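Heads up, the thing below is written out as structure tokens.
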Protein chains: 4
Amino acid sequence: MDFRSDNISGVSPQIMNEIISANRGASTSYSEDELTKDVEKRLEEIFGHELRFFPVLTGTAANALGLSVLTPPYGGVFCENHAHIYYDECAAPEFYTGGAKLVGLKGTAGRLDAKTVHDAVERAFQNGVHHAKPTTVSISQATEVGTVYRPDTIGEIAAVCRKFGLRLHMDGARFANALTFLDVAPAELTWKAGVDVLCLGATKNGALSAESVIVFDKALAGDLAYRIKRSGHLASKSRFISAQWSAYLQDELWLKNSQQANAAAARLSIGLSHQKQIKLMYPTEANEVFLQVEESVLRNLDSSGVKYSSWPGKEANVLRFVTSFNTSNSEIDECLAVFGETILSPVELEPSPD
Amino acid sequence: MDFRSDNISGVSPQIMNEIISANRGASTSYSEDELTKDVEKRLEEIFGHELRFFPVLTGTAANALGLSVLTPPYGGVFCENHAHIYYDECAAPEFYTGGAKLVGLKGTAGRLDAKTVHDAVERAFQNGVHHAKPTTVSISQATEVGTVYRPDTIGEIAAVCRKFGLRLHMDGARFANALTFLDVAPAELTWKAGVDVLCLGATKNGALSAESVIVFDKALAGDLAYRIKRSGHLASKSRFISAQWSAYLQDELWLKNSQQANAAAARLSIGLSHQKQIKLMYPTEANEVFLQVEESVLRNLDSSGVKYSSWPGKEANVLRFVTSFNTSNSEIDECLAVFGETILSPVELEPSPD
Amino acid sequence: MDFRSDNISGVSPQIMNEIISANRGASTSYSEDELTKDVEKRLEEIFGHELRFFPVLTGTAANALGLSVLTPPYGGVFCENHAHIYYDECAAPEFYTGGAKLVGLKGTAGRLDAKTVHDAVERAFQNGVHHAKPTTVSISQATEVGTVYRPDTIGEIAAVCRKFGLRLHMDGARFANALTFLDVAPAELTWKAGVDVLCLGATKNGALSAESVIVFDKALAGDLAYRIKRSGHLASKSRFISAQWSAYLQDELWLKNSQQANAAAARLSIGLSHQKQIKLMYPTEANEVFLQVEESVLRNLDSSGVKYSSWPGKEANVLRFVTSFNTSNSEIDECLAVFGETILSPVELEPSPD
Amino acid sequence: MDFRSDNISGVSPQIMNEIISANRGASTSYSEDELTKDVEKRLEEIFGHELRFFPVLTGTAANALGLSVLTPPYGGVFCENHAHIYYDECAAPEFYTGGAKLVGLKGTAGRLDAKTVHDAVERAFQNGVHHAKPTTVSISQATEVGTVYRPDTIGEIAAVCRKFGLRLHMDGARFANALTFLDVAPAELTWKAGVDVLCLGATKNGALSAESVIVFDKALAGDLAYRIKRSGHLASKSRFISAQWSAYLQDELWLKNSQQANAAAARLSIGLSHQKQIKLMYPTEANEVFLQVEESVLRNLDSSGVKYSSWPGKEANVLRFVTSFNTSNSEIDECLAVFGETILSPVELEPSPD
């Protein structure tokens, strides 16, 4: 049982099959193939809005490229302290924007709120040219700690952005997991709520290597293609990237995959909810479970061979368990058994309240 | 028949099979899997030297990352005017080095010579801090115009580098094609000749998306892993990249693939060699054929449906034909037939003299 | 009475005279004049250590250039939340380092302590290549809030740096004020305590435009001259910059100027110390006084024409008063009178305890 | 006699006096003083157009900042091979633009022509995202070799820019010398001819350290103030920079200074025009004289103590003589005497034909 991350999983069979199918004959390279255009059209249907779709190869690249469209080199990007762009991408946003300033803000359960953003932006503007110009807010959907922004909160943050002339970026590496949890239309979480750029990922949810930048205002997209080329994220044999997207969006595979991952996480979370030696750090809304455990639990886990991530931070013994599109219920039950739990059947898989 | 590029081809069956095989169970992500280490060991055997192997996703990324190890932001990179890093990578080297200066030099048939490099470097140093500090020379093996550097020439250029304290970078997107043409050991074209960093590609020669930076002096490699991460070229499901490398190097697939590509190019080149309306622009040494043709030839080609690249530049009607690992002899013969040629059998496939 | 900043003051007469004197005949440009070398020698005597002296034009440039010597593009710079490099230089460090990550830490009265640095660095390293590599710590002497690091604290922070392989940078825009306050040798606050690079300023203390990067380990300085040139901070008529330094260091002008500034600040601080409507935010150690005042005090000040800076932040009504080399005691007494204070004579100008 | 450069000269007395006068009382810092605004108004009168004036400290900074307004990180800047931005600024434009590509073109006597620019831009666009996007053309007025662009030529180059959507930058480090030579209104050489950004220098023509970016389209200027701050070119005691500009523009000092420099260069050039051992490399239009001399001349010069610059390049024994605002006619006559010339009186100081 390996719960270290959702990227330790392989590729969904449907996606692998599409890759294999793409391997026929010659195909125009560098994302100028027909398949890439088809995916763009499909996404326009799904999101109910015109958009530009730029496939890239990793989530770090997607985020940094997406931010570079919204943020000049002298700009400031406001995000939550735990944001992937802030803590886990080795200063990729600083690199891709040409040296913009990342400003980490304190959130609640991994989420920013409008007031925190408002006050930080206002204060930065008071400093004039001496502080990086506030230009961008970035939120993660789902967040780094497995929680999910409600459409209302996104809309309130977007209103702050509009008030001050900022743009709103969404890190959607686990967007499907958020969508599944909330059971709303993709539009509700993005352009309707005020998101300008969505970095939509597929890799963590069953693809091989397929991430993207989606720009809802076509004018904004402008020269992003040049930025992608010069960062080395324009794949020559691009058909194999588009093939993944094609399969991912077909027959709601993306939703089915995320449903399974979320359900497995919820099963784990609920199963452990009444253990006294275990503290659930955050509500389990997407596919991640954060636990603070007593030493005895830790020893037990380690001897059992269950794999997880130790979460660095000020608090000790915090563990992260991530489920995936191919995490089975029986795996979760085995894991719960290691924790000494017996599973009630059927488990209630209601999403935890906000 | 499509000769626009070697990246319009798909994936070698052996490589695709290895990708499929890699899709089993969980695997540590971010290039910390066992397979990646195995590939590094295999490359050490092939090159006969210790080295560090960094898989990345595109050739532009490999070159730019490789150069960033050798070149500070205030450095100068000397290369041939047609070099991919100079003309075809949308200023990726300037981006990745943090603003180094690319200096294009005039070569012969796409190749630099030691004297040209020497004089340019010497002149730049005369300007002190007012000119970017010469730190790096970059050569392409094979070159952009399908020619190949001999080991002696590389050694002479490397001697200039050592004299002035510069480092030598090799763009090896088509390294296998050069190797095949010269029929020498990989070491002869790289570390033995004085190359510090080799950007070795597999994508143009049958892989899906597999490029790499190979550093022969381990100390030099230093923190390249950080640079790769922040540029978004550290694939999470890295096993699928390493799987490609594994298959590529097994049973000499890389050489077999390049032999076929080179042979097809030579067949085309020789077949057209006595046509009066066609001028061969450069000796055909690797897998590219550059032709300058009369208008009538152009019209004939276009009506026949043969695809090629029009080569931009000062000279008109220059066409590029690129062959691939899966270009068959019969395709070449069909193409020659379009040109009005009948193939003598057997064609002499001797490499053209330097 | 204008206490908005020490940069609203003009130039010390001794410095202006030296500028005028330098305006004779022809002089080699671009810091290759004799005067620049003389200043370097003088600084070696003052600091009791060999060093490289690089004159530049502004403090922001000095800090960013100094950091760029110590910090690769993928590096992390740890500093206090209020640091000038963190909050007031419009992401200049991110720009000059090529996109390094600035990590703001919570300090006490503007100062970092060794444990805070230790824990933050250790946690960042736990994240491997996914977090910017910790490479640099930066401290400000005097700090942004007018406090001063003791040599012991600097040494403890430097020990953390050595443990983890980091370098220590000091923003010395108000170094003379710190020196004066502590009454120790310059060496005690710099290389002896473990500082690698000192950005020493003169502008705030009586110069026209004279800042510098001082590198104690000559090998480290390496190619800084190239960085300075390409950032546009190599003045062509450099003799006029060096002339300022020459006068600044002659006859202890730098210390005399800072003594007057510090004394004036202390006079103001002590004079207000027993007022109930005024809270002194930080100990007044250098030449800045931070007050939190009641509304009535604010109204009184504003109607009186006394100029100060409103300090942005979470707390309301925080005012900054900065004194300068040419702030007279009588100006302070006038200011105190506005506050309704009568000055006891003589005022005790003992430095406040740590 | 020292003809190495115009930056080996000191400061015009009128400018030094204004610096001294500025040293009174307190003044708002960071270019928000009244004097800076006055200079902007004065420049609007002189150029007959609304504009934004941004004082900076060096010419390299002015050029790089000016280019950064016109050029995205993925942009291409087309300039002449000898341009200061291309050869003498240590890749400052690459740095400030965040890695744009500088494309050097072959000119005639240091000047580009419209056709050369047209063809290069067209060819670059043919390469799509694989080549840096053409966004900017830069010309130097006067050029690096002392020649001057006529308004017609500038207009033709600007027409190419408009055709392709590029912007036109002018390096005006010696703008006054060009203006004097052509005897036209400043508007004719700038906005009327299609120049978007002029980097206007004063340092080489009598100032201490005063350069600037002038933006004719106010919308374009946008956030340049942020870029200036983060590059460290926002002087705190900015009144001393503005004071230089104020004196420079008063009573036509800038034109008087450049007239003297130009006249001295013409006197030297004409005086040597019939010597057989000396070849005048370029027409002497501004304040620079380039000579190719025989060895005997070189030896004679060196023993005489006359100082000049040896010009690096493919051709040997090329010398540069630069005259300045304070080069006297008698100095030129002394220099001519070293060359063995007797001066005819009066010398004809007609500008050389184009």
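In the structure tokens, the first chain shown is A, the next is B, and so on; residue numbers restart at 1 for each chain, and ligands run from 1 in the order shown.
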Could you list, with a cut-off of 6 Å and counting only C-alpha atoms, the residues of chain C near chain B, each shown with its nearest atom pair and the distance in Å rounded to one decimal, rows sorted by chain and ascending number, as a tab-separated table?
```
residue	atom	partner	partner_atom	distance
C:Gly98	CA	B:Gly98	CA	5.5
C:Val129	CA	B:Tyr226	CA	5.0
C:Tyr226	CA	B:Val129	CA	5.0
```
Those selected residues, please, written with N, CA and C atoms and delivered as an mmCIF file, in the first residue's frame.
```cif
data_model
loop_
_atom_site.group_PDB
_atom_site.id
_atom_site.type_symbol
_atom_site.label_atom_id
_atom_site.label_comp_id
_atom_site.auth_asym_id
_atom_site.auth_seq_id
_atom_site.Cartn_x
_atom_site.Cartn_y
_atom_site.Cartn_z
ATOM 1 N N GLY C 98 18.177 36.305 -10.696
ATOM 2 C CA GLY C 98 17.588 35.487 -11.750
ATOM 3 C C GLY C 98 16.446 34.624 -11.237
ATOM 4 N N VAL C 129 14.775 19.151 -3.904
ATOM 5 C CA VAL C 129 14.756 20.048 -5.057
ATOM 6 C C VAL C 129 13.412 20.726 -5.234
ATOM 7 N N TYR C 226 31.428 42.075 -13.778
ATOM 8 C CA TYR C 226 30.553 41.863 -14.940
ATOM 9 C C TYR C 226 29.085 42.101 -14.569
#
```
query = If we count only C-alpha atoms, what is near C:Gln244 at a cut-off of 12 Å, once residues fewer than 3 positions away on the same chain are taken out, given as a PyMOL selection string?
reply = chain C and resi 11-22+35-36+39+55-57+201-203+205-212+238-241+247-250+253-254
Filtered DSSP result for stretch 138-184 of chain D, state helix (DSSP H, G or I), as an NGL selection string = :D and (151-164 or 175-182)
Any idea what's packed within 7 Å of C:Ala178, counting only C-alpha atoms, ignoring anything in its chain fewer than 5 positions away? Could you give it as a compact mmCIF listing (two decimals) with all heavy atoms, in the first residue's frame?
```txt
# COMPACT_ATOMS: atom_id res chain seq x y z
N GLN C 141 21.90 45.77 9.16
CA GLN C 141 22.62 46.39 10.28
C GLN C 141 22.81 47.86 9.98
O GLN C 141 23.60 48.20 9.12
CB GLN C 141 23.97 45.66 10.46
CG GLN C 141 24.83 46.13 11.60
CD GLN C 141 24.30 45.72 12.98
OE1 GLN C 141 23.11 45.82 13.26
NE2 GLN C 141 25.18 45.29 13.84
N ALA C 142 22.09 48.78 10.59
CA ALA C 142 21.00 48.61 11.52
C ALA C 142 19.77 48.08 10.79
O ALA C 142 19.70 48.13 9.56
CB ALA C 142 20.70 49.95 12.16
N VAL C 148 19.75 47.27 16.37
CA VAL C 148 21.10 46.92 15.97
C VAL C 148 21.42 45.49 16.42
O VAL C 148 21.10 45.12 17.55
CB VAL C 148 22.10 47.94 16.57
CG1 VAL C 148 23.53 47.47 16.43
CG2 VAL C 148 21.91 49.32 15.93
N ALA C 286 19.65 53.11 16.57
CA ALA C 286 20.32 53.83 15.49
C ALA C 286 19.62 55.19 15.31
O ALA C 286 19.38 55.88 16.29
CB ALA C 286 20.29 53.01 14.22
```
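Residues in contact with B:Asp113 at 9 Å, where only C-alpha atoms are counted and same-chain residues fewer than 5 positions away are skipped, are listed as Gly107, Thr108, His118, Thr153, Ile154, Glu156 and Ile157 of chain B.
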For the residues selected in the previous step, produce a file with N, CA, C and O atoms as a CSV table (one decimal), in the first residue's frame.
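So the final result, stored in result00.csv, reads:
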```
chain,number,residue,atom,x,y,z
B,107,GLY,N,30.0,29.8,-39.8
B,107,GLY,CA,30.7,28.5,-40.0
B,107,GLY,C,30.8,28.1,-41.5
B,107,GLY,O,30.4,28.8,-42.4
B,108,THR,N,31.2,26.9,-41.7
B,108,THR,CA,31.3,26.3,-43.0
B,108,THR,C,30.4,25.0,-43.0
B,108,THR,O,30.7,24.1,-42.2
B,118,HIS,N,38.4,31.0,-31.8
B,118,HIS,CA,39.6,31.7,-31.1
B,118,HIS,C,39.5,33.2,-31.3
B,118,HIS,O,39.6,33.9,-30.3
B,153,THR,N,38.3,18.1,-35.2
B,153,THR,CA,37.8,19.5,-35.1
B,153,THR,C,37.2,19.8,-33.7
B,153,THR,O,37.5,20.8,-33.2
B,154,ILE,N,36.5,18.8,-33.2
B,154,ILE,CA,36.0,19.0,-31.8
B,154,ILE,C,37.2,19.2,-30.8
B,154,ILE,O,37.2,20.1,-30.0
B,156,GLU,N,40.1,20.4,-31.5
B,156,GLU,CA,40.7,21.7,-31.7
B,156,GLU,C,39.9,22.8,-31.1
B,156,GLU,O,40.5,23.8,-30.5
B,157,ILE,N,38.6,22.7,-31.2
B,157,ILE,CA,37.8,23.7,-30.6
B,157,ILE,C,37.9,23.7,-29.1
B,157,ILE,O,37.9,24.7,-28.4
```
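Note that atom CA of B:Glu295 and atom CA of D:Asp119 are 21.6 Å apart.
Residues in contact with B:Thr147 at up to 8 Å, not including ones fewer than 6 positions away on its chain and judged by only C-alpha atoms, are Ala109, Gly110, Arg111, Gln141, Tyr282, Pro283, Thr284, Glu285 and Ala286 of chain B.
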message = For the strand (DSSP E or B) assignment from backbone DSSP, which residues of stretch 113-226 of chain A qualify? Please present them as an MDAnalysis selection string.
response = chainID A and resid 133:140 167:172 197:201 211:215
ask   = Could you name the residues that touch B:Thr28 at 10 Å or less, counting only C-alpha atoms, but leaving out those on the same chain fewer than 2 positions away, as a list in words?
value = Asp2, Arg4, Ser5, Asn7, Ile8 and Ser9 of chain A; Ala26, Tyr30, Ser31, Glu32, Asp33, Glu34, Ser236, Lys237, Ser238 and Arg239 of chain B
Atoms kept (N, CA and C atoms) for selection, written as a PDB file, in the first residue's frame:
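selection_25.pdb, written as the output of this step:
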```
ATOM      1  N   ASP A   2       0.705   2.069  -0.974  1.00  0.00           N
ATOM      2  CA  ASP A   2       1.576   3.218  -1.157  1.00  0.00           C
ATOM      3  C   ASP A   2       0.711   4.468  -1.302  1.00  0.00           C
ATOM      4  N   ARG A   4       1.995   7.632  -0.802  1.00  0.00           N
ATOM      5  CA  ARG A   4       2.900   8.785  -0.741  1.00  0.00           C
ATOM      6  C   ARG A   4       2.402   9.946  -1.586  1.00  0.00           C
ATOM      7  N   SER A   5       1.846   9.614  -2.728  1.00  0.00           N
ATOM      8  CA  SER A   5       1.342  10.685  -3.601  1.00  0.00           C
ATOM      9  C   SER A   5       0.471  10.069  -4.675  1.00  0.00           C
ATOM     10  N   ASN A   7       1.040  10.767  -7.676  1.00  0.00           N
ATOM     11  CA  ASN A   7       1.907  10.618  -8.854  1.00  0.00           C
ATOM     12  C   ASN A   7       2.771   9.359  -8.825  1.00  0.00           C
ATOM     13  N   ILE A   8       2.587   8.535  -7.810  1.00  0.00           N
ATOM     14  CA  ILE A   8       3.294   7.251  -7.804  1.00  0.00           C
ATOM     15  C   ILE A   8       2.468   6.190  -8.570  1.00  0.00           C
ATOM     16  N   SER A   9       1.251   6.563  -8.905  1.00  0.00           N
ATOM     17  CA  SER A   9       0.412   5.661  -9.699  1.00  0.00           C
ATOM     18  C   SER A   9       0.805   5.730 -11.172  1.00  0.00           C
TER      19      SER A   9
ATOM     20  N   ALA B  26       3.011   0.825  -8.277  1.00  0.00           N
ATOM     21  CA  ALA B  26       3.439   2.164  -7.877  1.00  0.00           C
ATOM     22  C   ALA B  26       4.936   2.305  -8.108  1.00  0.00           C
ATOM     23  N   TYR B  30       9.548  11.565  -9.683  1.00  0.00           N
ATOM     24  CA  TYR B  30      10.565  12.609  -9.752  1.00  0.00           C
ATOM     25  C   TYR B  30      11.985  12.069  -9.948  1.00  0.00           C
ATOM     26  N   SER B  31      12.142  11.139 -10.868  1.00  0.00           N
ATOM     27  CA  SER B  31      13.458  10.624 -11.262  1.00  0.00           C
ATOM     28  C   SER B  31      14.219   9.953 -10.139  1.00  0.00           C
ATOM     29  N   GLU B  32      13.546   9.603  -9.080  1.00  0.00           N
ATOM     30  CA  GLU B  32      14.237   8.873  -8.015  1.00  0.00           C
ATOM     31  C   GLU B  32      13.933   7.373  -8.084  1.00  0.00           C
ATOM     32  N   ASP B  33      13.370   6.957  -9.197  1.00  0.00           N
ATOM     33  CA  ASP B  33      13.089   5.543  -9.411  1.00  0.00           C
ATOM     34  C   ASP B  33      14.371   4.803  -9.801  1.00  0.00           C
ATOM     35  N   GLU B  34      14.320   3.482  -9.656  1.00  0.00           N
ATOM     36  CA  GLU B  34      15.486   2.638  -9.961  1.00  0.00           C
ATOM     37  C   GLU B  34      15.831   2.670 -11.443  1.00  0.00           C
ATOM     38  N   SER B 236       6.863  14.035 -12.967  1.00  0.00           N
ATOM     39  CA  SER B 236       6.481  13.312 -11.756  1.00  0.00           C
ATOM     40  C   SER B 236       6.483  11.801 -12.022  1.00  0.00           C
ATOM     41  N   LYS B 237       5.815  11.381 -13.093  1.00  0.00           N
ATOM     42  CA  LYS B 237       5.810   9.951 -13.392  1.00  0.00           C
ATOM     43  C   LYS B 237       7.012   9.627 -14.277  1.00  0.00           C
ATOM     44  N   SER B 238       8.193   9.845 -13.685  1.00  0.00           N
ATOM     45  CA  SER B 238       9.434   9.798 -14.441  1.00  0.00           C
ATOM     46  C   SER B 238       9.749   8.411 -14.996  1.00  0.00           C
ATOM     47  N   ARG B 239       9.114   7.392 -14.440  1.00  0.00           N
ATOM     48  CA  ARG B 239       9.416   6.039 -14.929  1.00  0.00           C
ATOM     49  C   ARG B 239       9.139   5.903 -16.426  1.00  0.00           C
TER      50      ARG B 239
END
```
inquiry  = Which residues are close to stretch 299-316 of chain D, i.e. within 6 Å by only C-alpha atoms, leaving aside same-chain residues fewer than 3 positions away? Reply as number ranges by chain.
reply    = D: 1-4, 296, 319-321
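Atom CA of D:Phe290 to atom CA of D:Ser269 spans 8.8 Å [interatomic distance, one decimal].
With only C-alpha atoms as the atoms that count, the minimum distance from B:Lys106 to the choices B:Asn81, B:Thr327, B:Ser246, B:Thr136 is reached by B:Asn81.
Interatomic distance, atom CA of B:Gly340 against atom CA of B:Asn257: 28.1 Å.
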